[in-house]
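Okay, so here's the structure we're looking at.
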Amino acid sequence: MSWFRKLTDGLKKSSSKMTESLSGLFTSKKIDADSLEDLEEALIASDMGPHVAAAIARELAAVKFDGEADADKWRLALAEILQQKLTPLEKPLTVSSDHRPHVILLVGVNGSGKTTTCGKLARKFQDEGKSVMLAAGDTFRAAASEQLQGWGLRTDTPVISGEAGGDAAALAYRAMQQAHEAGTDVLIIDTAGRLQNRTELMEELAKIHRVIGKFDDSAPHDSIIVLDGTVGQNAIAQTKAFAEVASLTGMIITKLDGSAKGGIIVALGDDFGLPVHMVGVGEGVDDLESFGARDYAAALVGIEADDLPQNTDAEDKEA
Ligand SMILES: Nc1nc2c(ncn2[C@@H]2O[C@H](COP(=O)(O)OP(=O)(O)OP(=O)(O)O)[C@@H](O)[C@H]2O)c(=O)[nH]1
Ligand SMILES: [Mg+2]
């Protein structure tokens, strides 16, 4: 199954709710106030948050069509609005050869998909011809390092690990030394999951970040929060807390193949403006894709990506 199908299937819950509310919108010539309210609710139910949902519903209400409106036209109009909001968040994860290694730090709460994403990213960069090293910065859980080693074996990537219970910052530093000596292109550092309200763990993360910067003051070159796309609005609180200790530069949203209610990316974009580098659409090593606003907006509304324009700017919105 193509990743776009996985995404579309995963977001079906949101899209069918939106479709349902949209089908009421065109019952009368004028936009129907009740239907608009339904739509706003559907947008909120997709995890967009009340503020963003209201803004989008307002924008949609202002759309004028040539000739008769119908459900398909409304759907397309909504998808175009979403595409425009999401386009600024597109930013593929690229590594420059200015730094050896280019250091990517992955952070996030327990179970968000960090370790899995380390393995998927290793495969992605290798496919691009880059050499990769993984660092098992999760020294908290005994099995964590074995889990990353499993990904190392699967992707044929060296893994730097230490003792369970050891100092994660010291391990990150050692990994940077080794990657530097080996001339490795990309070093991906996994970290232990932590709840954003556990102050001492959040301080440990700040320390990891600091220590990496001691080896190379431009590092980490990417400090990425890995968010579970199914947790809803809590993703906002998580991002806020991790941004304070780990100077986030971007996000990766996982589990969008599951029961995700995809609107959360729209809300996150509105709140933080951080790029969404990649999206996870499964547990397999290849189930990671660059985030594309056009595909995502289409999947969220349940239409085909081909129905949307390649690129949107404010000017060609009329069409
Ligand atoms: N369906 C689906 N499952 C995913 C995806 N990404 C990760 N998972 C699953 O989510 C679970 C947790 O993934 P991990 O990579 O261990 O998460 P983690 O953030 O490293 O967890 P901790 O180290 O405990 O904080 C595993 O069962 C993964 O297979 C995804 O994109 N889709
Ligand atoms: Mg992990």
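Residues are referred to by chain and number: the chain letter is A, B, ... according to the order shown in the structure tokens, the number counts from 1 in that chain, and ligands are numbered separately from 1 in the order shown.
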Closest atom pairs, residues of chain A within 10 Å of ligand 1, only C-alpha atoms and all ligand atoms, as CSV:
residue,atom,partner,partner_atom_place_in_ligand_line,distance
A:Lys6,CA,ligand 1,32 (N),9.7
A:Leu7,CA,ligand 1,31 (O),10.0
A:Gly10,CA,ligand 1,1 (N),9.2
A:Leu106,CA,ligand 1,19 (O),8.9
A:Val107,CA,ligand 1,19 (O),7.9
A:Gly108,CA,ligand 1,19 (O),6.5
A:Val109,CA,ligand 1,25 (O),5.7
A:Asn110,CA,ligand 1,25 (O),3.2
A:Gly111,CA,ligand 1,21 (O),3.2
A:Ser112,CA,ligand 1,19 (O),3.9
A:Gly113,CA,ligand 1,17 (O),3.2
A:Lys114,CA,ligand 1,19 (O),3.7
A:Thr115,CA,ligand 1,20 (O),3.7
A:Thr116,CA,ligand 1,15 (O),3.6
A:Thr117,CA,ligand 1,15 (O),6.2
A:Cys118,CA,ligand 1,15 (O),7.9
A:Gly119,CA,ligand 1,15 (O),8.7
A:Lys120,CA,ligand 1,6 (N),9.2
A:Gly137,CA,ligand 1,23 (O),9.8
A:Asp138,CA,ligand 1,23 (O),6.9
A:Thr139,CA,ligand 1,23 (O),9.8
A:Phe140,CA,ligand 1,23 (O),8.9
A:Arg141,CA,ligand 1,23 (O),7.7
A:Ala143,CA,ligand 1,23 (O),9.1
A:Ala144,CA,ligand 1,23 (O),6.3
A:Ser145,CA,ligand 1,23 (O),9.3
A:Gln147,CA,ligand 1,16 (O),7.7
A:Leu148,CA,ligand 1,20 (O),8.7
A:Asp190,CA,ligand 1,20 (O),7.5
A:Thr191,CA,ligand 1,23 (O),7.1
A:Ala192,CA,ligand 1,23 (O),5.2
A:Gly193,CA,ligand 1,25 (O),3.2
A:Arg194,CA,ligand 1,25 (O),6.6
A:Leu195,CA,ligand 1,25 (O),9.1
A:Ile225,CA,ligand 1,19 (O),9.9
A:Val226,CA,ligand 1,19 (O),7.2
A:Leu227,CA,ligand 1,19 (O),8.4
A:Asp228,CA,ligand 1,6 (N),7.7
A:Gly229,CA,ligand 1,31 (O),8.5
A:Thr230,CA,ligand 1,32 (N),9.8
A:Ile252,CA,ligand 1,31 (O),9.6
A:Ile253,CA,ligand 1,31 (O),7.6
A:Thr254,CA,ligand 1,31 (O),4.1
A:Lys255,CA,ligand 1,32 (N),3.4
A:Leu256,CA,ligand 1,31 (O),6.1
A:Asp257,CA,ligand 1,1 (N),5.7
A:Gly258,CA,ligand 1,1 (N),5.5
A:Ser259,CA,ligand 1,1 (N),8.9
A:Ala260,CA,ligand 1,1 (N),9.7
A:Val279,CA,ligand 1,31 (O),7.1
A:Gly280,CA,ligand 1,31 (O),3.4
A:Val281,CA,ligand 1,31 (O),4.2
A:Gly282,CA,ligand 1,32 (N),3.4
A:Glu283,CA,ligand 1,29 (O),4.5
A:Gly284,CA,ligand 1,29 (O),7.6
A:Val285,CA,ligand 1,6 (N),9.5
A:Asp286,CA,ligand 1,31 (O),9.9
A:Asp287,CA,ligand 1,31 (O),6.5
A:Leu288,CA,ligand 1,31 (O),7.0
A:Glu289,CA,ligand 1,31 (O),9.7
Worksheet item: Hey, what's within 8 Å of A:His221 if we count only C-alpha atoms and toss same-chain stuff fewer than 2 positions away? As a PyMOL selection string, please?
Response: chain A and resi 102-104+218-219+223
Please run DSSP on the backbone and report, as a short mmCIF file (atom, residue, chain, number, x, y, z; two decimals) with N, CA and C atoms, in the first residue's frame, all residues within stretch 3-193 of chain A that come out as strand (DSSP E).
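Once written, states.cif looks like this:
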data_model
loop_
_atom_site.label_atom_id
_atom_site.label_comp_id
_atom_site.auth_asym_id
_atom_site.auth_seq_id
_atom_site.Cartn_x
_atom_site.Cartn_y
_atom_site.Cartn_z
N HIS A 102 26.83 15.73 10.98
CA HIS A 102 25.62 16.53 11.14
C HIS A 102 24.82 15.82 12.25
N VAL A 103 24.50 16.55 13.30
CA VAL A 103 23.92 15.90 14.48
C VAL A 103 22.42 16.15 14.58
N ILE A 104 21.68 15.07 14.67
CA ILE A 104 20.22 15.16 14.82
C ILE A 104 19.84 14.58 16.18
N LEU A 105 19.21 15.39 17.01
CA LEU A 105 18.78 14.95 18.33
C LEU A 105 17.27 14.74 18.30
N LEU A 106 16.82 13.55 18.73
CA LEU A 106 15.37 13.29 18.76
C LEU A 106 14.88 13.27 20.21
N VAL A 107 13.86 14.06 20.48
CA VAL A 107 13.32 14.14 21.83
C VAL A 107 11.80 13.94 21.80
N VAL A 132 25.94 6.85 8.33
CA VAL A 132 25.12 7.18 9.50
C VAL A 132 25.64 6.45 10.74
N MET A 133 25.53 7.09 11.87
CA MET A 133 25.79 6.44 13.15
C MET A 133 24.62 6.74 14.07
N LEU A 134 24.26 5.76 14.92
CA LEU A 134 23.17 5.97 15.87
C LEU A 134 23.76 5.99 17.28
N ALA A 135 23.19 6.81 18.15
CA ALA A 135 23.63 6.84 19.54
C ALA A 135 22.46 6.54 20.45
N ALA A 136 22.65 5.54 21.33
CA ALA A 136 21.58 5.11 22.23
C ALA A 136 21.57 5.99 23.48
N GLY A 137 21.10 7.20 23.31
CA GLY A 137 21.06 8.17 24.41
C GLY A 137 19.96 7.87 25.42
N VAL A 159 25.95 1.41 16.10
CA VAL A 159 25.22 2.02 17.22
C VAL A 159 26.19 2.21 18.39
N ILE A 160 26.27 3.43 18.89
CA ILE A 160 27.09 3.70 20.07
C ILE A 160 26.18 3.61 21.28
N VAL A 186 26.22 11.61 9.28
CA VAL A 186 25.06 11.93 10.12
C VAL A 186 25.09 11.13 11.42
N LEU A 187 24.94 11.81 12.53
CA LEU A 187 24.81 11.14 13.82
C LEU A 187 23.40 11.41 14.34
N ILE A 188 22.66 10.33 14.59
CA ILE A 188 21.29 10.48 15.09
C ILE A 188 21.27 10.02 16.55
N ILE A 189 20.89 10.92 17.44
CA ILE A 189 20.91 10.60 18.87
C ILE A 189 19.50 10.36 19.39
N ASP A 190 19.27 9.14 19.86
CA ASP A 190 18.00 8.77 20.49
C ASP A 190 18.05 9.23 21.95
N THR A 191 16.92 9.59 22.52
CA THR A 191 16.90 9.93 23.95
C THR A 191 15.76 9.21 24.63
#
Worksheet item: Smallest atom-to-atom distance to ligand 2: which of A:Asp32, A:Asp98, A:Glu146, A:Glu41, using only C-alpha atoms and all ligand atoms?
Response: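 Smallest distance to ligand 2 is found for A:Glu146.
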Fill in: Pick from A:Arg294, A:Arg210, A:Lys17, A:Lys240 nearest to A:Leu268, counting only C-alpha atoms
A:Lys240
Worksheet item: Pick the closest to ligand 2 from A:Leu201, A:Ala172, A:Ala142, A:Met278: which is it, counting only C-alpha atoms and all ligand atoms?
Response: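 Among the listed residues, A:Ala142 lies closest to ligand 2.
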Practice prompt. From a DSSP pass on the backbone, collect the residues of stretch 202-287 of chain A flagged as alpha helix (DSSP H) and hand them back as number ranges by chain.
Written response: A: 202-215, 234-246, 264-272
Item to complete: Write out as a ChimeraX atom specification the residues lying within 10 Å of A:Ser14, counting only C-alpha atoms and excluding same-chain residues fewer than 6 positions away.
Response: /A:8,42-47,259-263,299-302
Can those selected residues be exported to a file as a compact mmCIF listing (two decimals), in the first residue's frame so that it contains N, CA and C atoms?
# COMPACT_ATOMS: atom_id res chain seq x y z
N THR A 8 -4.19 8.42 4.10
CA THR A 8 -5.61 8.68 3.86
C THR A 8 -6.48 7.77 4.72
N ALA A 42 -16.47 19.64 13.39
CA ALA A 42 -15.69 18.56 12.77
C ALA A 42 -14.20 18.90 12.76
N LEU A 43 -13.92 20.18 12.54
CA LEU A 43 -12.51 20.61 12.54
C LEU A 43 -11.93 20.49 13.95
N ILE A 44 -12.71 20.88 14.93
CA ILE A 44 -12.24 20.75 16.32
C ILE A 44 -12.04 19.27 16.66
N ALA A 45 -12.97 18.43 16.21
CA ALA A 45 -12.86 17.00 16.48
C ALA A 45 -11.63 16.38 15.80
N SER A 46 -11.12 17.05 14.77
CA SER A 46 -9.91 16.54 14.13
C SER A 46 -8.66 17.04 14.83
N ASP A 47 -8.82 17.67 15.98
CA ASP A 47 -7.72 18.17 16.82
C ASP A 47 -7.12 19.48 16.36
N SER A 259 -5.15 5.83 14.38
CA SER A 259 -6.43 6.52 14.57
C SER A 259 -6.18 8.01 14.75
N ALA A 260 -5.20 8.50 14.00
CA ALA A 260 -4.86 9.91 14.13
C ALA A 260 -6.00 10.78 13.63
N LYS A 261 -6.09 11.97 14.20
CA LYS A 261 -7.11 12.91 13.74
C LYS A 261 -6.39 14.11 13.19
N GLY A 262 -5.61 13.88 12.20
CA GLY A 262 -4.64 14.77 11.56
C GLY A 262 -4.67 16.29 11.72
N GLY A 263 -5.76 16.85 12.24
CA GLY A 263 -5.82 18.31 12.36
C GLY A 263 -4.76 18.88 13.29
N ALA A 299 -5.40 14.31 2.06
CA ALA A 299 -5.72 13.16 2.92
C ALA A 299 -6.66 13.56 4.05
N LEU A 300 -6.43 14.75 4.57
CA LEU A 300 -7.23 15.23 5.70
C LEU A 300 -8.69 15.43 5.30
N VAL A 301 -8.90 15.87 4.09
CA VAL A 301 -10.26 16.13 3.63
C VAL A 301 -10.82 14.92 2.87
N GLY A 302 -9.94 14.00 2.51
CA GLY A 302 -10.39 12.78 1.84
C GLY A 302 -10.58 12.92 0.34
Item to complete: Could you check how far atom CA of A:Glu128 sits from atom CA of A:Val95, in Å to one decimal?
Response: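 Calculated distance between atom CA of A:Glu128 and atom CA of A:Val95 is 10.2 Å.
Distances from A:Val276, A:Leu205, A:Gln126, A:Met18 to A:Ala170 were compared using only C-alpha atoms, and the smallest one belongs to A:Leu205.
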